[in-house]
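A short write-up of the structure that comes next.
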Amino acid sequence: MSGSITVSNTKEKHPQYVSAVKLMFEDEEISGSVPEFCNTKDFYSDLIRAHLKPQTILRGRVSCLLSITPAINNVYRSVHGGAVASIAEIVSIACARTVVAESKELFLGELSISYLSGAQTNAKVLVDGSVVRSGRNLTVVAVEFKLNKTEQLIYTARATFYHMPVAKL
């Protein structure tokens with residue numbers, strides 16, 4: 001990482017916490033430069049989708065099996081929060097598409113996630129998306145992430161999609 005880190009007003013901060021935060025941003029494993037092969041169109045989407053295997057696709061419902069690998073883990077060896085959000089978005093879009101006409105473009109207006117627990121490397125996670133409500137102008141989808149082995153709920157998400165163009169009244 002180029003440049004130096006400046007910490008202002010250190011009198012109010014505990015030195016050990018300041019050092020830990022500085023180390024987090026200076027660690028090459030965390031903040032090193034992005035390899036050139038990663039700077040391609042849809043690299044991240046393709047990476048995330050490669051971990052999902054569709055299980056069931058019904059009207060208003062999509063289920064996938066998620067395989068946890070180090071590629072989508074954080075420094076604590078559990079699924080990175082951004083990866084959880086991306087997976088929730090992908091499954092939500094797929095689920096919404098089972099009830100919204102293809103002539104309507106979907107715009108993600110809101111995505112909320114609750115991180116209840118974590119999934120470790122090599123775990124299998126069942127990701128279930130279901131349409132909560134769908135009308136002329138919006139669709140709401142709920143997504144649950146459960147450990148395949150124990151069925152423990154580890155993440156929940158709710159996505160609100162706006163249909164574009166908006167229907168005329």
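Residue numbering restarts at 1 in every chain; chains get A, B, ... in the order shown in the structure tokens, and ligands count up from 1 in that same order.
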
Set the distance at 7 Å and use only C-alpha atoms: which residues neighbour region 139-146 of chain A once local chain neighbours fewer than 4 positions away are removed? I'd like the list as an MDAnalysis selection string. chainID A and resid 88 92 96 125:135 151:162

Write the residues of the selection above to a file with N, CA, C and O atoms, as an mmCIF file, in the first residue's frame.
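Produced file selection.cif, reproduced below:
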data_model
loop_
_atom_site.group_PDB
_atom_site.id
_atom_site.type_symbol
_atom_site.label_atom_id
_atom_site.label_comp_id
_atom_site.auth_asym_id
_atom_site.auth_seq_id
_atom_site.Cartn_x
_atom_site.Cartn_y
_atom_site.Cartn_z
ATOM 1 N N ALA A 88 -26.697 -12.955 -1.816
ATOM 2 C CA ALA A 88 -28.094 -12.588 -1.546
ATOM 3 C C ALA A 88 -28.680 -11.832 -2.736
ATOM 4 O O ALA A 88 -29.821 -12.083 -3.144
ATOM 5 N N SER A 92 -31.657 -13.259 -5.030
ATOM 6 C CA SER A 92 -32.852 -12.417 -5.036
ATOM 7 C C SER A 92 -33.274 -12.044 -6.454
ATOM 8 O O SER A 92 -34.462 -12.080 -6.787
ATOM 9 N N ALA A 96 -36.754 -13.052 -8.116
ATOM 10 C CA ALA A 96 -37.664 -12.030 -8.635
ATOM 11 C C ALA A 96 -37.967 -12.272 -10.109
ATOM 12 O O ALA A 96 -39.101 -12.087 -10.562
ATOM 13 N N VAL A 125 -23.723 -24.529 2.277
ATOM 14 C CA VAL A 125 -24.789 -23.685 2.798
ATOM 15 C C VAL A 125 -25.961 -23.710 1.820
ATOM 16 O O VAL A 125 -25.773 -23.517 0.620
ATOM 17 N N LEU A 126 -27.148 -23.961 2.347
ATOM 18 C CA LEU A 126 -28.359 -23.921 1.539
ATOM 19 C C LEU A 126 -28.869 -22.485 1.534
ATOM 20 O O LEU A 126 -29.088 -21.890 2.591
ATOM 21 N N VAL A 127 -29.030 -21.921 0.345
ATOM 22 C CA VAL A 127 -29.497 -20.541 0.190
ATOM 23 C C VAL A 127 -30.886 -20.599 -0.443
ATOM 24 O O VAL A 127 -31.033 -21.053 -1.572
ATOM 25 N N ASP A 128 -31.906 -20.186 0.327
ATOM 26 C CA ASP A 128 -33.295 -20.233 -0.129
ATOM 27 C C ASP A 128 -33.835 -18.826 -0.300
ATOM 28 O O ASP A 128 -33.860 -18.047 0.650
ATOM 29 N N GLY A 129 -34.277 -18.523 -1.510
ATOM 30 C CA GLY A 129 -34.902 -17.237 -1.781
ATOM 31 C C GLY A 129 -36.371 -17.441 -2.082
ATOM 32 O O GLY A 129 -36.749 -18.397 -2.752
ATOM 33 N N SER A 130 -37.219 -16.533 -1.560
ATOM 34 C CA SER A 130 -38.646 -16.627 -1.841
ATOM 35 C C SER A 130 -39.245 -15.228 -1.947
ATOM 36 O O SER A 130 -38.869 -14.322 -1.204
ATOM 37 N N VAL A 131 -40.169 -15.074 -2.884
ATOM 38 C CA VAL A 131 -40.839 -13.792 -3.076
ATOM 39 C C VAL A 131 -41.816 -13.588 -1.932
ATOM 40 O O VAL A 131 -42.662 -14.438 -1.659
ATOM 41 N N VAL A 132 -41.682 -12.474 -1.239
ATOM 42 C CA VAL A 132 -42.570 -12.115 -0.141
ATOM 43 C C VAL A 132 -43.786 -11.376 -0.694
ATOM 44 O O VAL A 132 -44.922 -11.615 -0.287
ATOM 45 N N ARG A 133 -43.528 -10.475 -1.650
ATOM 46 C CA ARG A 133 -44.588 -9.693 -2.265
ATOM 47 C C ARG A 133 -44.114 -9.256 -3.639
ATOM 48 O O ARG A 133 -42.961 -8.908 -3.827
ATOM 49 N N SER A 134 -45.028 -9.271 -4.599
ATOM 50 C CA SER A 134 -44.718 -8.749 -5.920
ATOM 51 C C SER A 134 -45.948 -8.065 -6.476
ATOM 52 O O SER A 134 -47.039 -8.634 -6.489
ATOM 53 N N GLY A 135 -45.767 -6.814 -6.894
ATOM 54 C CA GLY A 135 -46.869 -6.038 -7.452
ATOM 55 C C GLY A 135 -46.471 -5.449 -8.784
ATOM 56 O O GLY A 135 -45.521 -5.906 -9.422
ATOM 57 N N GLU A 151 -28.740 -27.276 9.390
ATOM 58 C CA GLU A 151 -29.865 -26.380 9.100
ATOM 59 C C GLU A 151 -29.900 -25.153 10.012
ATOM 60 O O GLU A 151 -30.931 -24.504 10.160
ATOM 61 N N GLN A 152 -28.756 -24.825 10.615
ATOM 62 C CA GLN A 152 -28.656 -23.627 11.438
ATOM 63 C C GLN A 152 -28.736 -22.388 10.546
ATOM 64 O O GLN A 152 -28.021 -22.284 9.548
ATOM 65 N N LEU A 153 -29.607 -21.453 10.910
ATOM 66 C CA LEU A 153 -29.752 -20.200 10.172
ATOM 67 C C LEU A 153 -28.545 -19.320 10.489
ATOM 68 O O LEU A 153 -28.273 -19.019 11.651
ATOM 69 N N ILE A 154 -27.797 -18.915 9.439
ATOM 70 C CA ILE A 154 -26.587 -18.127 9.676
ATOM 71 C C ILE A 154 -26.673 -16.696 9.132
ATOM 72 O O ILE A 154 -26.047 -15.801 9.688
ATOM 73 N N TYR A 155 -27.428 -16.485 8.055
ATOM 74 C CA TYR A 155 -27.633 -15.146 7.509
ATOM 75 C C TYR A 155 -29.067 -15.054 6.998
ATOM 76 O O TYR A 155 -29.631 -16.042 6.534
ATOM 77 N N THR A 156 -29.630 -13.866 7.069
ATOM 78 C CA THR A 156 -30.913 -13.598 6.420
ATOM 79 C C THR A 156 -30.764 -12.304 5.632
ATOM 80 O O THR A 156 -29.976 -11.427 6.005
ATOM 81 N N ALA A 157 -31.520 -12.197 4.554
ATOM 82 C CA ALA A 157 -31.472 -10.986 3.736
ATOM 83 C C ALA A 157 -32.868 -10.688 3.208
ATOM 84 O O ALA A 157 -33.707 -11.587 3.084
ATOM 85 N N ARG A 158 -33.091 -9.418 2.922
ATOM 86 C CA ARG A 158 -34.344 -8.985 2.306
ATOM 87 C C ARG A 158 -33.984 -7.949 1.242
ATOM 88 O O ARG A 158 -33.268 -6.997 1.526
ATOM 89 N N ALA A 159 -34.481 -8.186 0.032
ATOM 90 C CA ALA A 159 -34.180 -7.293 -1.086
ATOM 91 C C ALA A 159 -35.480 -6.707 -1.633
ATOM 92 O O ALA A 159 -36.483 -7.417 -1.755
ATOM 93 N N THR A 160 -35.442 -5.428 -1.947
ATOM 94 C CA THR A 160 -36.574 -4.753 -2.580
ATOM 95 C C THR A 160 -36.144 -4.309 -3.969
ATOM 96 O O THR A 160 -35.151 -3.586 -4.111
ATOM 97 N N PHE A 161 -36.872 -4.776 -4.969
ATOM 98 C CA PHE A 161 -36.600 -4.420 -6.356
ATOM 99 C C PHE A 161 -37.716 -3.534 -6.900
ATOM 100 O O PHE A 161 -38.885 -3.835 -6.702
ATOM 101 N N TYR A 162 -37.321 -2.483 -7.602
ATOM 102 C CA TYR A 162 -38.278 -1.631 -8.294
ATOM 103 C C TYR A 162 -38.300 -2.062 -9.751
ATOM 104 O O TYR A 162 -37.259 -2.349 -10.333
#

Backbone-only DSSP, alpha helix (DSSP H) members of region 23-97 of chain A, as a PyMOL selection string: chain A and resi 23-26+28-31+43-49+81-97

What are the DSSP strand (DSSP E) residues of region 58-134 of chain A, as a PyMOL selection string? chain A and resi 58+61-67+105-115+124-134

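The shortest atom-to-atom distance to Ala71 (chain A), with only C-alpha atoms taken into account, belongs to A:His51 out of A:His51, A:Arg59, A:Lys41, A:His14.
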
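With only C-alpha atoms as the atoms that count, the minimum distance from Thr69 (chain A) to the choices A:Asp42, A:Leu147, A:Ala123, A:Ile57 is reached by A:Ala123.
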
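For the choices A:Tyr115, A:Leu65, A:Phe107, A:Ile48, the atom-to-atom distance to Ala83 (chain A) is smallest for A:Ile48 when using only C-alpha atoms.
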
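Every protein, DNA or RNA residue with an atom at most 7 Å from Gln120 (chain A), where only C-alpha atoms count and chain neighbours fewer than 3 positions away do not, is listed here: Ile68, Arg77, Ser78, Val79 and Ala123 of chain A.
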
Written selection (all heavy atoms) as a short mmCIF file (atom, residue, chain, number, x, y, z; two decimals), in the first residue's frame:
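Output file selection24.cif follows:
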data_model
loop_
_atom_site.label_atom_id
_atom_site.label_comp_id
_atom_site.auth_asym_id
_atom_site.auth_seq_id
_atom_site.Cartn_x
_atom_site.Cartn_y
_atom_site.Cartn_z
N ILE A 68 -18.38 -23.12 0.31
CA ILE A 68 -17.49 -22.12 0.90
C ILE A 68 -16.04 -22.50 0.63
O ILE A 68 -15.60 -23.59 1.00
CB ILE A 68 -17.72 -22.00 2.42
CG1 ILE A 68 -19.20 -21.82 2.76
CG2 ILE A 68 -16.86 -20.87 3.00
CD1 ILE A 68 -19.86 -20.64 2.12
N ARG A 77 -11.50 -16.49 8.21
CA ARG A 77 -11.79 -17.78 7.56
C ARG A 77 -13.28 -18.14 7.55
O ARG A 77 -13.64 -19.30 7.56
CB ARG A 77 -10.95 -18.89 8.18
CG ARG A 77 -9.47 -18.71 7.91
CD ARG A 77 -8.67 -19.89 8.45
NE ARG A 77 -7.26 -19.72 8.19
CZ ARG A 77 -6.42 -19.07 9.00
NH1 ARG A 77 -6.86 -18.52 10.10
NH2 ARG A 77 -5.15 -18.96 8.68
N SER A 78 -14.13 -17.12 7.57
CA SER A 78 -15.56 -17.35 7.36
C SER A 78 -15.96 -16.49 6.16
O SER A 78 -15.19 -15.69 5.68
CB SER A 78 -16.36 -17.00 8.61
OG SER A 78 -16.28 -15.63 8.90
N VAL A 79 -17.17 -16.66 5.68
CA VAL A 79 -17.60 -15.97 4.47
C VAL A 79 -17.55 -14.45 4.66
O VAL A 79 -18.04 -13.92 5.65
CB VAL A 79 -19.02 -16.39 4.05
CG1 VAL A 79 -19.43 -15.70 2.76
CG2 VAL A 79 -19.10 -17.89 3.87
N ALA A 123 -17.57 -25.60 4.19
CA ALA A 123 -18.97 -25.82 4.57
C ALA A 123 -19.85 -25.73 3.32
O ALA A 123 -19.50 -25.10 2.32
CB ALA A 123 -19.42 -24.79 5.60
#

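Checking A:Pro35, A:Gly81, A:Pro54, A:Pro15 one by one against Leu66 (chain A), counting only C-alpha atoms, you find the shortest gap at A:Pro54.
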
Which one of A:Met164, A:Val75, A:Cys64, A:Val91 sits closest to Leu106 (chain A) if you count only C-alpha atoms? A:Met164

One decimal, Å: what's the distance from CA of Val99 (chain A) over to CA of Lys124 (chain A), could you say? 27.6 Å

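Distance annotation: of A:Ala101, A:Ser117, A:Ile72, A:Asn122, the residue with the minimal separation from Leu138 (chain A) is A:Ala101; atom set is only C-alpha atoms.
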
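The space separating CA of Ile93 (chain A) from CA of Arg61 (chain A) comes to 10.8 Å.
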